[in-house]
Amino acid sequence: MKKVVTFFLVISIVTLSVNYIYMKLDKSDSSDVNKFADIPSDIKVCNFGSSHGLYGFNYEDVKDVECFNFGLSAQYLSYDKRLFEEYKDNIDGGAVVFLPVSYFSLFGKSELTEDVFEEKNRRYYRILPPELIKEYYWETDIYMNYLPSLTADTKLFRVLLGRPVDDGSGVWFKTVWEIDVAEDAKGAYERHIVTDKFDENGKRIVNEEEVDALVYLIEACKEKGATPILITTPFLKEYTDAVSGNDEEFYSEFYGLVNEIVEQTGVDYYDYAFDERFVKNYDWFMNSDHLNKEGARQFVNILMSEVVSRVTLQEE
């Protein structure tokens, strides 16, 4: 019995020690959640959204105005809602809040049905309380926040040995010239417009949970005194052509649903999907539907001039 107890004690000490060192050394951010550790307290301009929000907004040129990007890759509006609930006190009462609406945002099956849901859901354990996490499990909470080394796999050894860890952040610096943009657009169309977006009768599924979350966000912003702005980020022509060329009904259904929300809530909607400044500007995109760092910088500068300044003037 003493040997067994000693063995488990040694294993526990070694595990906790390795875990402590790992947590101190690991600066990688594959889930893009490190930014939440230093979130400003008086945000004047911010955005939510999926990867179109994460990569589409670069605030580096905006000076003397506190900005923040709440976007995360593959983030649903229902998680935008949860992030807003958790961090709404960090958003100024007169803020401008951009709510990206992508072609996949309002359609399809529940997020809970995705094969990658559990893996993707883990990131929220680091930035949200249990009551705001979908399908919360206390075991996941423990290893995500206190024992991350247990699920680090090969990354553990790279971190402990001081070797660089590729967290995917370099993709934002790429340009679309490095890929076959037509093939990329075709794949994006399949993922965004087709996969898990139709019922057994071939009818497009309106995701009521996500629609309700968007309406909630709009009303919650207004209640706080902030100005919500619906927005569709810029795309390359290859992407929008892939959508219209393969699904003649999509745009009428998408814009029909968005317009219903606009009429219901009175929110402003800015659609940059077909903006001539972007549709053929390959230097500003990393693929057919995502801006790169430079494109996102240019986009934010346009938004500050065309949208934020207009809202500010109206308030004055």
# chains A, B, ... in the order shown; residues from 1 in each chain; ligands from 1
call {"tool": "residues_around", "arguments": {"residues": "range 49-62 of chain A", "least_positions_apart": "5", "cutoff": "6 Å", "atoms": "only C-alpha atoms", "output": "list of chain:residue names"}}
result
A:Gly71, A:Leu72, A:Ser73, A:Ala74, A:Gln75, A:Pro100, A:Leu291, A:Ala296, A:Arg297, A:Val300
call {"tool": "select_by_dssp", "arguments": {"residues": "range 149-254 of chain A", "states": "helix (DSSP H, G or I)", "output": "PyMOL selection string"}}
result
chain A and resi 149-151+154-160+169-173+176-178+181-194+208-224+237-246+250-254
call {"tool": "write_last_selection", "arguments": {"atoms": "C-alpha atoms", "output": "PDB file, in the first residue's frame"}}
result
ATOM      1  CA  SER A 149      -0.825  19.731 -20.448  1.00  0.00           C
ATOM      2  CA  LEU A 150      -2.924  16.556 -20.274  1.00  0.00           C
ATOM      3  CA  THR A 151      -4.444  17.290 -23.683  1.00  0.00           C
ATOM      4  CA  THR A 154       2.996  16.659 -29.136  1.00  0.00           C
ATOM      5  CA  LYS A 155       2.650  20.371 -28.428  1.00  0.00           C
ATOM      6  CA  LEU A 156       3.693  19.639 -24.829  1.00  0.00           C
ATOM      7  CA  PHE A 157       7.202  18.575 -25.830  1.00  0.00           C
ATOM      8  CA  ARG A 158       7.669  21.467 -28.248  1.00  0.00           C
ATOM      9  CA  VAL A 159       6.738  23.952 -25.539  1.00  0.00           C
ATOM     10  CA  LEU A 160       8.919  22.326 -22.884  1.00  0.00           C
ATOM     11  CA  SER A 169      -1.727  32.849 -36.873  1.00  0.00           C
ATOM     12  CA  GLY A 170       0.493  33.241 -39.932  1.00  0.00           C
ATOM     13  CA  VAL A 171      -2.452  32.659 -42.261  1.00  0.00           C
ATOM     14  CA  TRP A 172      -3.612  36.270 -41.752  1.00  0.00           C
ATOM     15  CA  PHE A 173      -0.472  37.537 -43.500  1.00  0.00           C
ATOM     16  CA  VAL A 176      -4.842  34.832 -52.260  1.00  0.00           C
ATOM     17  CA  TRP A 177      -2.116  34.710 -54.938  1.00  0.00           C
ATOM     18  CA  GLU A 178      -0.727  31.663 -53.128  1.00  0.00           C
ATOM     19  CA  VAL A 181      -8.917  30.961 -55.750  1.00  0.00           C
ATOM     20  CA  ALA A 182     -11.553  29.264 -57.929  1.00  0.00           C
ATOM     21  CA  GLU A 183     -11.082  25.944 -56.159  1.00  0.00           C
ATOM     22  CA  ASP A 184     -11.070  27.670 -52.795  1.00  0.00           C
ATOM     23  CA  ALA A 185     -14.355  29.423 -53.622  1.00  0.00           C
ATOM     24  CA  LYS A 186     -15.906  26.139 -54.678  1.00  0.00           C
ATOM     25  CA  GLY A 187     -14.930  24.512 -51.391  1.00  0.00           C
ATOM     26  CA  ALA A 188     -16.162  27.493 -49.370  1.00  0.00           C
ATOM     27  CA  TYR A 189     -19.507  27.342 -51.194  1.00  0.00           C
ATOM     28  CA  GLU A 190     -19.914  23.668 -50.273  1.00  0.00           C
ATOM     29  CA  ARG A 191     -19.100  24.289 -46.597  1.00  0.00           C
ATOM     30  CA  HIS A 192     -21.132  27.456 -46.190  1.00  0.00           C
ATOM     31  CA  ILE A 193     -24.176  26.904 -48.386  1.00  0.00           C
ATOM     32  CA  VAL A 194     -24.611  23.141 -48.727  1.00  0.00           C
ATOM     33  CA  GLU A 208     -34.141  29.764 -35.449  1.00  0.00           C
ATOM     34  CA  GLU A 209     -31.724  29.683 -32.507  1.00  0.00           C
ATOM     35  CA  GLU A 210     -29.221  31.766 -34.442  1.00  0.00           C
ATOM     36  CA  VAL A 211     -31.878  34.141 -35.779  1.00  0.00           C
ATOM     37  CA  ASP A 212     -33.168  34.655 -32.242  1.00  0.00           C
ATOM     38  CA  ALA A 213     -29.620  35.218 -30.988  1.00  0.00           C
ATOM     39  CA  LEU A 214     -29.051  37.936 -33.581  1.00  0.00           C
ATOM     40  CA  VAL A 215     -32.300  39.708 -32.683  1.00  0.00           C
ATOM     41  CA  TYR A 216     -31.347  39.436 -29.009  1.00  0.00           C
ATOM     42  CA  LEU A 217     -27.938  40.977 -29.679  1.00  0.00           C
ATOM     43  CA  ILE A 218     -29.481  43.881 -31.554  1.00  0.00           C
ATOM     44  CA  GLU A 219     -31.956  44.624 -28.767  1.00  0.00           C
ATOM     45  CA  ALA A 220     -29.357  44.119 -26.019  1.00  0.00           C
ATOM     46  CA  CYS A 221     -27.028  46.626 -27.681  1.00  0.00           C
ATOM     47  CA  LYS A 222     -29.820  49.163 -27.919  1.00  0.00           C
ATOM     48  CA  GLU A 223     -30.799  48.594 -24.291  1.00  0.00           C
ATOM     49  CA  LYS A 224     -27.221  49.339 -23.309  1.00  0.00           C
ATOM     50  CA  LYS A 237     -15.989  37.851 -56.829  1.00  0.00           C
ATOM     51  CA  GLU A 238     -15.060  34.184 -57.178  1.00  0.00           C
ATOM     52  CA  TYR A 239     -16.829  33.436 -53.899  1.00  0.00           C
ATOM     53  CA  THR A 240     -20.061  35.324 -54.609  1.00  0.00           C
ATOM     54  CA  ASP A 241     -20.087  33.914 -58.151  1.00  0.00           C
ATOM     55  CA  ALA A 242     -19.713  30.380 -56.773  1.00  0.00           C
ATOM     56  CA  VAL A 243     -22.762  30.971 -54.596  1.00  0.00           C
ATOM     57  CA  SER A 244     -24.998  32.478 -57.290  1.00  0.00           C
ATOM     58  CA  GLY A 245     -23.765  30.055 -59.949  1.00  0.00           C
ATOM     59  CA  ASN A 246     -24.619  26.981 -57.891  1.00  0.00           C
ATOM     60  CA  PHE A 250     -29.782  31.553 -52.127  1.00  0.00           C
ATOM     61  CA  TYR A 251     -29.393  35.309 -52.342  1.00  0.00           C
ATOM     62  CA  SER A 252     -33.125  35.956 -52.378  1.00  0.00           C
ATOM     63  CA  GLU A 253     -33.559  33.736 -49.300  1.00  0.00           C
ATOM     64  CA  PHE A 254     -30.560  35.196 -47.461  1.00  0.00           C
TER      65      PHE A 254
END
call {"tool": "atom_distance", "arguments": {"atom1": "CA of Cys46 in chain A", "atom2": "CA of Gly93 in chain A"}}
result
12.2 Å
call {"tool": "closest_atom_pairs", "arguments": {"of": "range 54-111 of chain A", "to": "range 120-127 of chain A", "cutoff": "12 Å", "atoms": "only C-alpha atoms", "output": "Markdown table"}}
result
| residue | atom | partner | partner_atom | distance |
| --- | --- | --- | --- | --- |
| A:Phe70 | CA | A:Ile127 | CA | 11.1 |
| A:Leu72 | CA | A:Arg123 | CA | 9.8 |
| A:Ser73 | CA | A:Lys120 | CA | 9.2 |
| A:Ala74 | CA | A:Lys120 | CA | 8.4 |
| A:Gln75 | CA | A:Lys120 | CA | 9.0 |
| A:Tyr76 | CA | A:Asn121 | CA | 11.0 |
| A:Tyr79 | CA | A:Tyr124 | CA | 9.1 |
| A:Asp80 | CA | A:Tyr124 | CA | 11.3 |
| A:Arg82 | CA | A:Tyr124 | CA | 9.8 |
| A:Leu83 | CA | A:Ile127 | CA | 8.4 |
| A:Phe84 | CA | A:Ile127 | CA | 11.7 |
| A:Glu85 | CA | A:Ile127 | CA | 11.9 |
| A:Glu86 | CA | A:Ile127 | CA | 8.8 |
| A:Tyr87 | CA | A:Ile127 | CA | 9.8 |
| A:Glu111 | CA | A:Asn121 | CA | 9.9 |
call {"tool": "closest_residue", "arguments": {"among": "A:Phe285, A:Phe107, A:Tyr269, A:Phe117", "to": "Asp199 in chain A", "atoms": "only C-alpha atoms"}}
result
A:Phe107
call {"tool": "select_by_dssp", "arguments": {"residues": "range 206-251 of chain A", "states": "strand (DSSP E or B)", "output": "PDB file with N, CA and C atoms, in the first residue's frame"}}
result
ATOM      1  N   VAL A 206     -33.732  27.156 -41.823  1.00  0.00           N
ATOM      2  CA  VAL A 206     -33.513  28.407 -41.108  1.00  0.00           C
ATOM      3  C   VAL A 206     -33.223  28.050 -39.655  1.00  0.00           C
ATOM      4  N   THR A 227     -24.837  51.210 -30.405  1.00  0.00           N
ATOM      5  CA  THR A 227     -25.456  51.157 -31.728  1.00  0.00           C
ATOM      6  C   THR A 227     -25.048  49.869 -32.437  1.00  0.00           C
ATOM      7  N   PRO A 228     -25.978  48.922 -32.606  1.00  0.00           N
ATOM      8  CA  PRO A 228     -25.653  47.696 -33.335  1.00  0.00           C
ATOM      9  C   PRO A 228     -25.686  47.943 -34.842  1.00  0.00           C
ATOM     10  N   ILE A 229     -24.761  47.357 -35.554  1.00  0.00           N
ATOM     11  CA  ILE A 229     -24.700  47.468 -37.004  1.00  0.00           C
ATOM     12  C   ILE A 229     -24.557  46.070 -37.595  1.00  0.00           C
ATOM     13  N   LEU A 230     -25.542  45.630 -38.375  1.00  0.00           N
ATOM     14  CA  LEU A 230     -25.389  44.369 -39.106  1.00  0.00           C
ATOM     15  C   LEU A 230     -24.461  44.614 -40.282  1.00  0.00           C
ATOM     16  N   ILE A 231     -23.595  43.648 -40.541  1.00  0.00           N
ATOM     17  CA  ILE A 231     -22.630  43.851 -41.612  1.00  0.00           C
ATOM     18  C   ILE A 231     -22.246  42.523 -42.249  1.00  0.00           C
ATOM     19  N   THR A 232     -22.074  42.530 -43.551  1.00  0.00           N
ATOM     20  CA  THR A 232     -21.507  41.392 -44.262  1.00  0.00           C
ATOM     21  C   THR A 232     -20.162  41.850 -44.802  1.00  0.00           C
TER      22      THR A 232
END
call {"tool": "closest_residue", "arguments": {"among": "A:Trp138, A:Phe68, A:Tyr270, A:Phe104", "to": "Asp42 in chain A", "atoms": "only C-alpha atoms"}}
result
A:Phe68
call {"tool": "closest_residue", "arguments": {"among": "A:Leu132, A:Ile205, A:Ile39, A:Val45", "to": "Ser110 in chain A", "atoms": "only C-alpha atoms"}}
result
A:Ile205
call {"tool": "atom_distance", "arguments": {"atom1": "CA of His290 in chain A", "atom2": "CA of Met144 in chain A"}}
result
29.1 Å
